[in-house]
>>> print(open('upload_37.cif').read())   # mmCIF, C-alpha atoms
data_work
loop_
_atom_site.label_atom_id
_atom_site.label_comp_id
_atom_site.auth_asym_id
_atom_site.auth_seq_id
_atom_site.Cartn_x
_atom_site.Cartn_y
_atom_site.Cartn_z
CA MET A 1 0.00 0.00 0.00
CA THR A 2 0.92 3.67 -0.13
CA VAL A 3 1.42 5.77 3.00
CA GLN A 4 2.20 9.44 3.54
CA ILE A 5 4.89 10.10 6.13
CA ARG A 6 5.89 13.41 7.72
CA TYR A 7 9.11 13.88 9.67
CA TYR A 8 9.88 16.31 12.49
CA ALA A 9 12.90 17.38 14.52
CA LEU A 10 15.65 14.75 14.85
CA LEU A 11 13.81 12.29 12.62
CA GLN A 12 13.57 14.93 9.91
CA ASP A 13 17.33 15.44 10.07
CA GLN A 14 18.03 11.72 9.94
CA ALA A 15 15.50 10.99 7.17
CA GLY A 16 16.85 13.95 5.20
CA GLN A 17 13.36 15.08 4.20
CA THR A 18 10.22 16.64 5.64
CA GLN A 19 7.80 14.16 4.09
CA GLU A 20 7.51 11.32 1.65
CA THR A 21 5.01 9.10 -0.10
CA ARG A 22 6.13 5.52 0.39
CA GLN A 23 5.15 2.11 -0.91
CA THR A 24 5.32 -0.37 1.92
CA ASN A 25 4.45 -3.92 2.86
CA ALA A 26 4.22 -2.89 6.53
CA VAL A 27 0.94 -3.88 8.17
CA THR A 28 1.14 -1.94 11.43
CA VAL A 29 2.65 1.33 12.62
CA ALA A 30 5.35 -0.70 14.40
CA ASP A 31 6.24 -2.50 11.15
CA LEU A 32 6.59 0.84 9.38
CA TRP A 33 8.81 2.22 12.16
CA ASP A 34 11.10 -0.80 11.83
CA GLU A 35 11.30 -0.28 8.07
CA LEU A 36 12.11 3.42 8.37
CA ALA A 37 14.52 2.99 11.27
CA ALA A 38 16.50 0.54 9.14
CA ALA A 39 16.29 2.70 5.99
CA TYR A 40 17.44 5.94 7.67
CA ALA A 41 19.44 4.61 10.61
CA PHE A 42 17.26 6.32 13.20
CA THR A 43 19.09 6.58 16.52
CA LEU A 44 16.05 7.13 18.76
CA ASP A 45 14.87 4.19 20.81
CA ALA A 46 11.30 3.35 19.74
CA GLU A 47 10.26 3.49 23.41
CA LEU A 48 10.85 7.26 23.31
CA VAL A 49 8.77 7.76 20.16
CA ARG A 50 5.02 8.28 19.86
CA ALA A 51 3.07 7.61 16.69
CA ALA A 52 0.10 9.30 15.05
CA ILE A 53 -2.17 8.35 12.17
CA ASN A 54 -4.26 11.00 10.42
CA ASP A 55 -3.48 13.66 13.05
CA GLU A 56 -4.36 11.57 16.11
CA PHE A 57 -2.17 9.63 18.52
CA CYS A 58 -2.26 5.88 17.94
CA SER A 59 -0.81 2.69 19.36
CA TRP A 60 2.10 0.85 17.78
CA ASP A 61 -0.11 -2.05 16.70
CA GLU A 62 -2.52 0.23 14.81
CA PRO A 63 -2.99 -1.11 11.25
CA LEU A 64 -2.01 1.14 8.37
CA THR A 65 -4.59 2.07 5.77
CA ASN A 66 -3.99 3.09 2.19
CA ASN A 67 -2.91 6.73 1.88
CA CYS A 68 -2.98 7.33 5.63
CA LEU A 69 -0.72 10.04 7.08
CA VAL A 70 1.78 8.63 9.58
CA VAL A 71 3.94 10.73 11.90
CA PHE A 72 6.54 9.45 14.33
CA MET A 73 7.21 11.94 17.11
CA PRO A 74 10.52 12.24 18.95
CA PRO A 75 10.38 13.27 22.63
CA VAL A 76 8.63 16.64 22.78
CA ALA A 77 10.26 19.75 24.19
CA GLY A 78 7.77 22.60 24.26
CA GLY A 79 7.41 25.10 27.06
CA MET B 1 -11.85 34.14 22.97
CA ALA B 2 -11.64 32.05 26.11
CA ASN B 3 -10.47 28.47 26.68
CA ASN B 4 -8.18 28.23 23.70
CA PHE B 5 -4.79 26.74 22.82
CA SER B 6 -2.94 28.07 19.81
CA LEU B 7 0.43 28.31 18.10
CA SER B 8 1.90 31.62 16.94
CA ASP B 9 4.78 32.61 14.70
CA GLN B 10 4.52 36.17 16.02
CA PRO B 11 5.83 37.62 19.31
CA LEU B 12 3.49 36.64 22.13
CA GLU B 13 3.68 40.04 23.80
CA SER B 14 1.53 41.54 21.04
CA LEU B 15 -1.25 38.96 21.20
CA ALA B 16 -4.62 39.48 22.83
CA ARG B 17 -4.74 38.60 26.51
CA LEU B 18 -7.29 36.36 28.14
CA HIS B 19 -10.77 37.79 28.42
CA VAL B 20 -11.45 37.78 32.16
CA PRO B 21 -15.11 37.48 33.19
CA PRO B 22 -16.43 39.62 36.06
CA GLU B 23 -16.79 36.66 38.46
CA SER B 24 -13.02 36.03 38.41
CA GLY B 25 -11.13 37.37 41.40
CA SER B 26 -7.81 35.94 40.24
CA VAL B 27 -5.78 36.02 37.03
CA VAL B 28 -2.55 33.99 36.92
CA THR B 29 -0.18 34.37 33.98
CA PHE B 30 2.92 32.28 33.31
CA TRP B 31 5.52 33.45 30.78
CA GLY B 32 8.10 30.95 29.59
CA ARG B 33 11.15 32.68 28.12
CA VAL B 34 14.23 31.64 26.18
CA ARG B 35 17.14 31.23 28.64
CA ASP B 36 20.72 32.11 27.74
CA HIS B 37 22.01 28.78 29.03
CA ASN B 38 21.02 25.14 29.23
CA GLU B 39 22.88 22.23 30.79
CA GLY B 40 26.07 24.22 31.06
CA ARG B 41 26.05 25.60 27.51
CA ARG B 42 25.59 29.18 26.32
CA VAL B 43 22.43 29.47 24.23
CA GLU B 44 22.23 32.19 21.58
CA GLY B 45 18.77 31.36 20.25
CA LEU B 46 16.49 28.51 19.34
CA GLU B 47 13.81 27.35 16.98
CA TYR B 48 10.54 25.66 17.79
CA SER B 49 8.87 23.39 15.27
CA SER B 50 5.57 21.64 15.73
CA TYR B 51 3.24 19.07 14.27
CA ALA B 52 0.65 21.81 14.18
CA GLU B 53 -2.50 19.81 13.48
CA LEU B 54 -1.97 17.49 16.45
CA ALA B 55 -0.34 20.12 18.67
CA VAL B 56 -3.43 22.31 18.53
CA LYS B 57 -5.74 19.35 19.21
CA GLU B 58 -3.70 18.12 22.17
CA GLY B 59 -3.20 21.63 23.56
CA GLN B 60 -6.93 22.25 23.37
CA ARG B 61 -7.59 19.01 25.25
CA ILE B 62 -5.25 20.22 28.01
CA ILE B 63 -7.01 23.58 28.30
CA ASP B 64 -10.46 21.97 28.34
CA ALA B 65 -9.34 19.45 30.97
CA ALA B 66 -7.87 22.21 33.14
CA VAL B 67 -11.08 24.23 33.05
CA ARG B 68 -13.06 21.19 34.23
CA ARG B 69 -10.50 19.91 36.72
CA PHE B 70 -9.83 23.20 38.50
CA GLY B 71 -13.20 24.86 37.91
CA LEU B 72 -11.66 27.78 36.02
CA ASP B 73 -13.69 30.64 34.61
CA ALA B 74 -11.36 30.85 31.59
CA ALA B 75 -7.94 29.68 30.40
CA GLN B 76 -5.75 30.00 27.37
CA ALA B 77 -2.23 29.14 26.24
CA VAL B 78 -0.21 30.21 23.23
CA HIS B 79 3.08 28.62 22.18
CA ARG B 80 5.60 30.19 19.81
CA VAL B 81 6.94 28.43 16.75
CA GLY B 82 9.80 29.58 14.55
CA ALA B 83 13.07 31.34 15.44
CA LEU B 84 13.42 32.94 18.88
CA ALA B 85 16.17 34.98 20.52
CA VAL B 86 17.26 34.92 24.16
CA GLY B 87 14.60 36.68 26.24
CA ASP B 88 11.78 36.09 23.79
CA ALA B 89 8.57 34.64 25.17
CA ALA B 90 8.22 30.96 24.24
CA VAL B 91 4.86 30.27 25.83
CA VAL B 92 2.21 32.11 27.80
CA VAL B 93 -0.44 30.45 29.96
CA GLU B 94 -3.28 32.43 31.53
CA THR B 95 -6.01 31.33 33.89
CA ALA B 96 -8.96 33.20 35.37
CA SER B 97 -10.66 31.81 38.45
CA GLY B 98 -12.67 32.78 41.48
CA HIS B 99 -9.66 32.57 43.79
CA ARG B 100 -5.87 32.41 43.49
CA GLY B 101 -5.36 28.84 44.76
CA GLU B 102 -6.92 27.03 41.84
CA GLY B 103 -5.48 29.61 39.46
CA PHE B 104 -1.86 28.98 40.47
CA GLU B 105 -2.40 25.25 40.56
CA ALA B 106 -4.08 25.17 37.14
CA CYS B 107 -1.42 27.36 35.53
CA ARG B 108 1.31 25.01 36.76
CA TRP B 109 -0.64 21.96 35.63
CA ILE B 110 -1.24 23.38 32.15
CA ILE B 111 2.41 24.24 31.46
CA ASP B 112 3.55 20.84 32.75
CA GLU B 113 1.07 19.04 30.52
CA ILE B 114 2.10 21.13 27.50
CA LYS B 115 5.73 20.22 28.09
CA HIS B 116 4.95 16.52 28.29
CA ARG B 117 2.23 16.02 25.69
CA VAL B 118 2.14 18.62 22.92
CA PRO B 119 4.20 17.76 19.80
CA ILE B 120 6.53 20.74 19.78
CA TRP B 121 10.31 20.43 19.41
CA LYS B 122 13.12 22.78 20.35
CA ARG B 123 16.49 23.09 18.65
CA GLU B 124 18.96 25.23 20.55
CA HIS B 125 21.71 27.23 18.87
CA TYR B 126 24.87 27.41 20.95
CA GLN B 127 27.60 30.03 21.22
CA GLU B 128 30.08 27.62 19.61
CA GLY B 129 27.91 27.46 16.48
CA ASP B 130 26.45 23.97 16.82
CA ARG B 131 22.78 23.13 17.26
CA ALA B 132 20.93 20.32 19.01
CA TRP B 133 17.39 19.03 19.45
CA VAL B 134 17.08 19.40 23.18
CA SER B 135 14.92 16.59 24.43
CA CYS B 136 16.18 14.08 21.86
CA HIS B 137 19.74 14.79 22.86
CA HIS B 138 18.89 14.57 26.54
CA GLU B 139 16.85 11.38 26.23
CA THR B 140 19.33 9.57 24.01
CA THR B 141 22.21 10.59 26.25
CA THR B 142 20.32 9.41 29.30
CA THR B 143 19.48 6.12 27.63
CA ALA B 144 23.06 5.59 26.52
CA ASN B 145 24.25 6.14 30.05
#
>>> encode(input="upload_37.cif", output="structure tokens")
Amino acid sequence: MTVQIRYYALLQDQAGQTQETRQTNAVTVADLWDELAAAYAFTLDAELVRAAINDEFCSWDEPLTNNCLVVFMPPVAGG
Amino acid sequence: MANNFSLSDQPLESLARLHVPPESGSVVTFWGRVRDHNEGRRVEGLEYSSYAELAVKEGQRIIDAAVRRFGLDAAQAVHRVGALAVGDAAVVVETASGHRGEGFEACRWIIDEIKHRVPIWKREHYQEGDRAWVSCHHETTTTAN
């Protein structure tokens, strides 16, 4: 399927892009993280990362849907 | 406009303040500012970036929860995004309530929740010319240790 991915902060630096449209065989959010972490050599431990689908927080076992927007969020630092 | 969370790429000092209803005897305002140092390093400036769509949703949930939890008359918070210099306001939180106790408590709760939950990231620019994503650096360093 096809997924839209947006990158922020450290993950944006390591992916070398702000967003991409990607063909993937990943079934869940966790599968996609594993694929991207291997492709871009992400250094963040997955335990520190939160995921969102279509602008809402989601669990790691959330299934991907065609053309969904996925965002992986590094530890936040507002305030 | 009461009970609102928003992001702004403009200086916070120029934005509209909280509308305080007549039943409120207390207004508490917290200003978070850019410090000139962090963890022993001299900071010359920073940039905030955000996942705006989710940041506004999550920030709004925090404000709404605070109003219910502390029985506030009104509350709002605005967070800066973009490039900031030392001394610039990074975030402002305002609460209006009947009395000061719940106002102070709510203001503290709101800023703590924003720090922990809202997808906003900070990259500091140091005197030596390098830059670092603050929390990522801190967390990965902590993990490595």
>>> resolve_selection(input="upload_37.cif", expression="the PyMOL selection byres ((chain B) within 6 of (chain A))", output="list in words")
Leu54, Val91, Lys115, Pro119, Ile120, Trp121, Lys122, Ser135 and Cys136 of chain B
>>> write_last_selection(input="upload_37.cif", atoms="C-alpha atoms", output="tab-separated table (two decimals), in the frame of the given file")
chain	number	residue	atom	x	y	z
B	54	LEU	CA	-1.97	17.49	16.45
B	91	VAL	CA	4.86	30.27	25.83
B	115	LYS	CA	5.73	20.22	28.09
B	119	PRO	CA	4.20	17.76	19.80
B	120	ILE	CA	6.53	20.74	19.78
B	121	TRP	CA	10.31	20.43	19.41
B	122	LYS	CA	13.12	22.78	20.35
B	135	SER	CA	14.92	16.59	24.43
B	136	CYS	CA	16.18	14.08	21.86
>>> axis_aligned_box(input="upload_37.cif", around="range 86-94 of chain B", padding_each_side="5 Å", output="AutoDock Vina command-line options")
--center_x 7.0 --center_y 33.5 --center_z 27.7 --size_x 30.5 --size_y 16.4 --size_z 17.7
>>> residues_around(input="upload_37.cif", residues="Lys57 in chain B", least_positions_apart="3", cutoff="9 Å", atoms="only C-alpha atoms", output="ChimeraX atom specification")
/A:55-56 /B:5,52-54,60-62,118
>>> closest_residue(input="upload_37.cif", among="B:Trp109, B:Tyr51, B:Val93, B:Trp133", to="Ala51 in chain A", atoms="only C-alpha atoms")
B:Tyr51
>>> atom_distance(input="upload_37.cif", atom1="CA of Asn38 in chain B", atom2="CA of Val134 in chain B")
9.2 Å
>>> residues_around(input="upload_37.cif", residues="Gln10 in chain B", least_positions_apart="2", cutoff="10 Å", atoms="all atoms listed in the file", output="list in words")
Leu7, Ser8, Leu12, Glu13, Ser14, Leu15, His79, Arg80, Val81, Gly82, Ala83 and Leu84 of chain B
>>> closest_residue(input="upload_37.cif", among="B:Glu124, B:Asp88, B:Glu102, B:Glu94", to="Pro11 in chain B", atoms="only C-alpha atoms")
B:Asp88
>>> atom_distance(input="upload_37.cif", atom1="CA of Tyr40 in chain A", atom2="CA of His116 in chain B")
26.3 Å
>>> atom_distance(input="upload_37.cif", atom1="CA of Arg117 in chain B", atom2="CA of Ala26 in chain A")
27.0 Å
>>> closest_residue(input="upload_37.cif", among="A:Phe42, A:Leu64, A:Ile53, A:Cys58", to="Gln23 in chain A", atoms="only C-alpha atoms")
A:Leu64
>>> closest_residue(input="upload_37.cif", among="A:Gln14, A:Cys68, A:Asp61, A:Gln19", to="Asp31 in chain A", atoms="all atoms listed in the file")
A:Asp61
>>> closest_residue(input="upload_37.cif", among="A:Gln17, A:Thr65, A:Trp60, A:Gln12", to="Asp34 in chain A", atoms="all atoms listed in the file")
A:Trp60
>>> residues_around(input="upload_37.cif", residues="Arg22 in chain A", least_positions_apart="3", cutoff="7 Å", atoms="all atoms listed in the file", output="count of residues only")
3
>>> closest_residue(input="upload_37.cif", among="B:Ala96, B:Leu46, B:Ile111, B:Ala77", to="Gln127 in chain B", atoms="only C-alpha atoms")
B:Leu46
>>> residues_around(input="upload_37.cif", residues="Gly87 in chain B", least_positions_apart="4", cutoff="7 Å", atoms="all atoms listed in the file", output="MDAnalysis selection string")
chainID B and resid 33:35
>>> residues_around(input="upload_37.cif", residues="Leu18 in chain B", least_positions_apart="3", cutoff="12 Å", atoms="all atoms listed in the file", output="compact mmCIF listing (two decimals) with C-alpha atoms, in the coordinates of the input")
# COMPACT_ATOMS: atom_id res chain seq x y z
CA MET B 1 -11.85 34.14 22.97
CA ALA B 2 -11.64 32.05 26.11
CA ASN B 3 -10.47 28.47 26.68
CA ASN B 4 -8.18 28.23 23.70
CA PHE B 5 -4.79 26.74 22.82
CA LEU B 15 -1.25 38.96 21.20
CA PRO B 21 -15.11 37.48 33.19
CA SER B 24 -13.02 36.03 38.41
CA VAL B 27 -5.78 36.02 37.03
CA VAL B 28 -2.55 33.99 36.92
CA THR B 29 -0.18 34.37 33.98
CA ASP B 73 -13.69 30.64 34.61
CA ALA B 74 -11.36 30.85 31.59
CA ALA B 75 -7.94 29.68 30.40
CA GLN B 76 -5.75 30.00 27.37
CA ALA B 77 -2.23 29.14 26.24
CA VAL B 78 -0.21 30.21 23.23
CA VAL B 92 2.21 32.11 27.80
CA VAL B 93 -0.44 30.45 29.96
CA GLU B 94 -3.28 32.43 31.53
CA THR B 95 -6.01 31.33 33.89
CA ALA B 96 -8.96 33.20 35.37
CA SER B 97 -10.66 31.81 38.45
>>> resolve_selection(input="upload_37.cif", expression="the PyMOL selection byres ((chain B and resi 69) around 12)", output="number ranges by chain")
B: 61-68, 70-73, 75, 102-103, 105-107, 109-110
>>> decode(input="upload_37.cif", residues="range 64-92 of chain B", atoms="N, CA, C and O atoms", output="mmCIF file, in the first residue's frame")
data_model
loop_
_atom_site.group_PDB
_atom_site.id
_atom_site.type_symbol
_atom_site.label_atom_id
_atom_site.label_comp_id
_atom_site.auth_asym_id
_atom_site.auth_seq_id
_atom_site.Cartn_x
_atom_site.Cartn_y
_atom_site.Cartn_z
ATOM 1 N N ASP B 64 -9.098 22.385 27.972
ATOM 2 C CA ASP B 64 -10.457 21.970 28.344
ATOM 3 C C ASP B 64 -10.446 21.148 29.636
ATOM 4 O O ASP B 64 -11.315 21.317 30.497
ATOM 5 N N ALA B 65 -9.443 20.273 29.763
ATOM 6 C CA ALA B 65 -9.340 19.450 30.967
ATOM 7 C C ALA B 65 -9.052 20.315 32.194
ATOM 8 O O ALA B 65 -9.580 20.068 33.279
ATOM 9 N N ALA B 66 -8.218 21.330 32.017
ATOM 10 C CA ALA B 66 -7.871 22.213 33.144
ATOM 11 C C ALA B 66 -9.091 22.999 33.621
ATOM 12 O O ALA B 66 -9.298 23.165 34.830
ATOM 13 N N VAL B 67 -9.879 23.465 32.679
ATOM 14 C CA VAL B 67 -11.079 24.229 33.051
ATOM 15 C C VAL B 67 -12.012 23.362 33.891
ATOM 16 O O VAL B 67 -12.525 23.796 34.928
ATOM 17 N N ARG B 68 -12.180 22.103 33.474
ATOM 18 C CA ARG B 68 -13.057 21.186 34.230
ATOM 19 C C ARG B 68 -12.442 20.815 35.581
ATOM 20 O O ARG B 68 -13.093 20.877 36.617
ATOM 21 N N ARG B 69 -11.158 20.449 35.529
ATOM 22 C CA ARG B 69 -10.499 19.906 36.721
ATOM 23 C C ARG B 69 -10.375 20.925 37.848
ATOM 24 O O ARG B 69 -10.524 20.598 39.024
ATOM 25 N N PHE B 70 -10.066 22.184 37.480
ATOM 26 C CA PHE B 70 -9.833 23.205 38.502
ATOM 27 C C PHE B 70 -10.996 24.186 38.622
ATOM 28 O O PHE B 70 -10.906 25.153 39.385
ATOM 29 N N GLY B 71 -12.043 23.979 37.844
ATOM 30 C CA GLY B 71 -13.202 24.864 37.913
ATOM 31 C C GLY B 71 -12.881 26.286 37.506
ATOM 32 O O GLY B 71 -13.367 27.254 38.129
ATOM 33 N N LEU B 72 -12.080 26.438 36.453
ATOM 34 C CA LEU B 72 -11.663 27.776 36.022
ATOM 35 C C LEU B 72 -12.810 28.502 35.326
ATOM 36 O O LEU B 72 -13.684 27.888 34.727
ATOM 37 N N ASP B 73 -12.737 29.831 35.377
ATOM 38 C CA ASP B 73 -13.686 30.641 34.608
ATOM 39 C C ASP B 73 -13.228 30.743 33.155
ATOM 40 O O ASP B 73 -14.055 30.824 32.237
ATOM 41 N N ALA B 74 -11.912 30.762 32.945
ATOM 42 C CA ALA B 74 -11.362 30.847 31.590
ATOM 43 C C ALA B 74 -9.888 30.465 31.632
ATOM 44 O O ALA B 74 -9.230 30.589 32.674
ATOM 45 N N ALA B 75 -9.368 29.994 30.494
ATOM 46 C CA ALA B 75 -7.938 29.675 30.403
ATOM 47 C C ALA B 75 -7.516 29.712 28.946
ATOM 48 O O ALA B 75 -8.311 29.400 28.050
ATOM 49 N N GLN B 76 -6.283 30.112 28.717
ATOM 50 C CA GLN B 76 -5.746 29.995 27.371
ATOM 51 C C GLN B 76 -4.233 29.838 27.434
ATOM 52 O O GLN B 76 -3.585 30.184 28.432
ATOM 53 N N ALA B 77 -3.683 29.275 26.361
ATOM 54 C CA ALA B 77 -2.234 29.140 26.243
ATOM 55 C C ALA B 77 -1.860 29.339 24.785
ATOM 56 O O ALA B 77 -2.582 28.924 23.881
ATOM 57 N N VAL B 78 -0.735 30.016 24.573
ATOM 58 C CA VAL B 78 -0.209 30.215 23.226
ATOM 59 C C VAL B 78 1.262 29.836 23.243
ATOM 60 O O VAL B 78 2.006 30.258 24.135
ATOM 61 N N HIS B 79 1.681 29.031 22.270
ATOM 62 C CA HIS B 79 3.085 28.616 22.177
ATOM 63 C C HIS B 79 3.685 29.157 20.893
ATOM 64 O O HIS B 79 3.070 29.082 19.839
ATOM 65 N N ARG B 80 4.899 29.685 20.995
ATOM 66 C CA ARG B 80 5.596 30.189 19.808
ATOM 67 C C ARG B 80 6.119 29.042 18.963
ATOM 68 O O ARG B 80 6.520 28.004 19.479
ATOM 69 N N VAL B 81 6.186 29.276 17.672
ATOM 70 C CA VAL B 81 6.943 28.435 16.752
ATOM 71 C C VAL B 81 7.842 29.367 15.941
ATOM 72 O O VAL B 81 7.637 30.578 15.905
ATOM 73 N N GLY B 82 8.879 28.786 15.339
ATOM 74 C CA GLY B 82 9.804 29.583 14.550
ATOM 75 C C GLY B 82 11.057 29.939 15.326
ATOM 76 O O GLY B 82 11.376 29.301 16.334
ATOM 77 N N ALA B 83 11.778 30.950 14.842
ATOM 78 C CA ALA B 83 13.067 31.338 15.437
ATOM 79 C C ALA B 83 12.868 32.326 16.574
ATOM 80 O O ALA B 83 12.147 33.313 16.434
ATOM 81 N N LEU B 84 13.519 32.054 17.718
ATOM 82 C CA LEU B 84 13.418 32.938 18.881
ATOM 83 C C LEU B 84 14.814 33.309 19.369
ATOM 84 O O LEU B 84 15.758 32.514 19.255
ATOM 85 N N ALA B 85 14.911 34.510 19.930
ATOM 86 C CA ALA B 85 16.167 34.977 20.519
ATOM 87 C C ALA B 85 16.086 34.857 22.037
ATOM 88 O O ALA B 85 14.997 34.702 22.598
ATOM 89 N N VAL B 86 17.220 34.936 22.691
ATOM 90 C CA VAL B 86 17.256 34.921 24.156
ATOM 91 C C VAL B 86 16.354 36.036 24.695
ATOM 92 O O VAL B 86 16.407 37.167 24.213
ATOM 93 N N GLY B 87 15.508 35.687 25.658
ATOM 94 C CA GLY B 87 14.601 36.676 26.243
ATOM 95 C C GLY B 87 13.227 36.701 25.613
ATOM 96 O O GLY B 87 12.291 37.234 26.193
ATOM 97 N N ASP B 88 13.103 36.123 24.421
ATOM 98 C CA ASP B 88 11.780 36.088 23.786
ATOM 99 C C ASP B 88 10.843 35.178 24.576
ATOM 100 O O ASP B 88 11.266 34.195 25.182
ATOM 101 N N ALA B 89 9.564 35.492 24.525
ATOM 102 C CA ALA B 89 8.567 34.641 25.170
ATOM 103 C C ALA B 89 8.331 33.403 24.315
ATOM 104 O O ALA B 89 8.093 33.502 23.109
ATOM 105 N N ALA B 90 8.419 32.234 24.939
ATOM 106 C CA ALA B 90 8.220 30.964 24.244
ATOM 107 C C ALA B 90 6.789 30.469 24.401
ATOM 108 O O ALA B 90 6.241 29.825 23.513
ATOM 109 N N VAL B 91 6.215 30.749 25.561
ATOM 110 C CA VAL B 91 4.859 30.272 25.831
ATOM 111 C C VAL B 91 4.231 31.188 26.883
ATOM 112 O O VAL B 91 4.926 31.712 27.754
ATOM 113 N N VAL B 92 2.931 31.387 26.757
ATOM 114 C CA VAL B 92 2.212 32.109 27.800
ATOM 115 C C VAL B 92 0.953 31.323 28.152
ATOM 116 O O VAL B 92 0.251 30.834 27.280
#
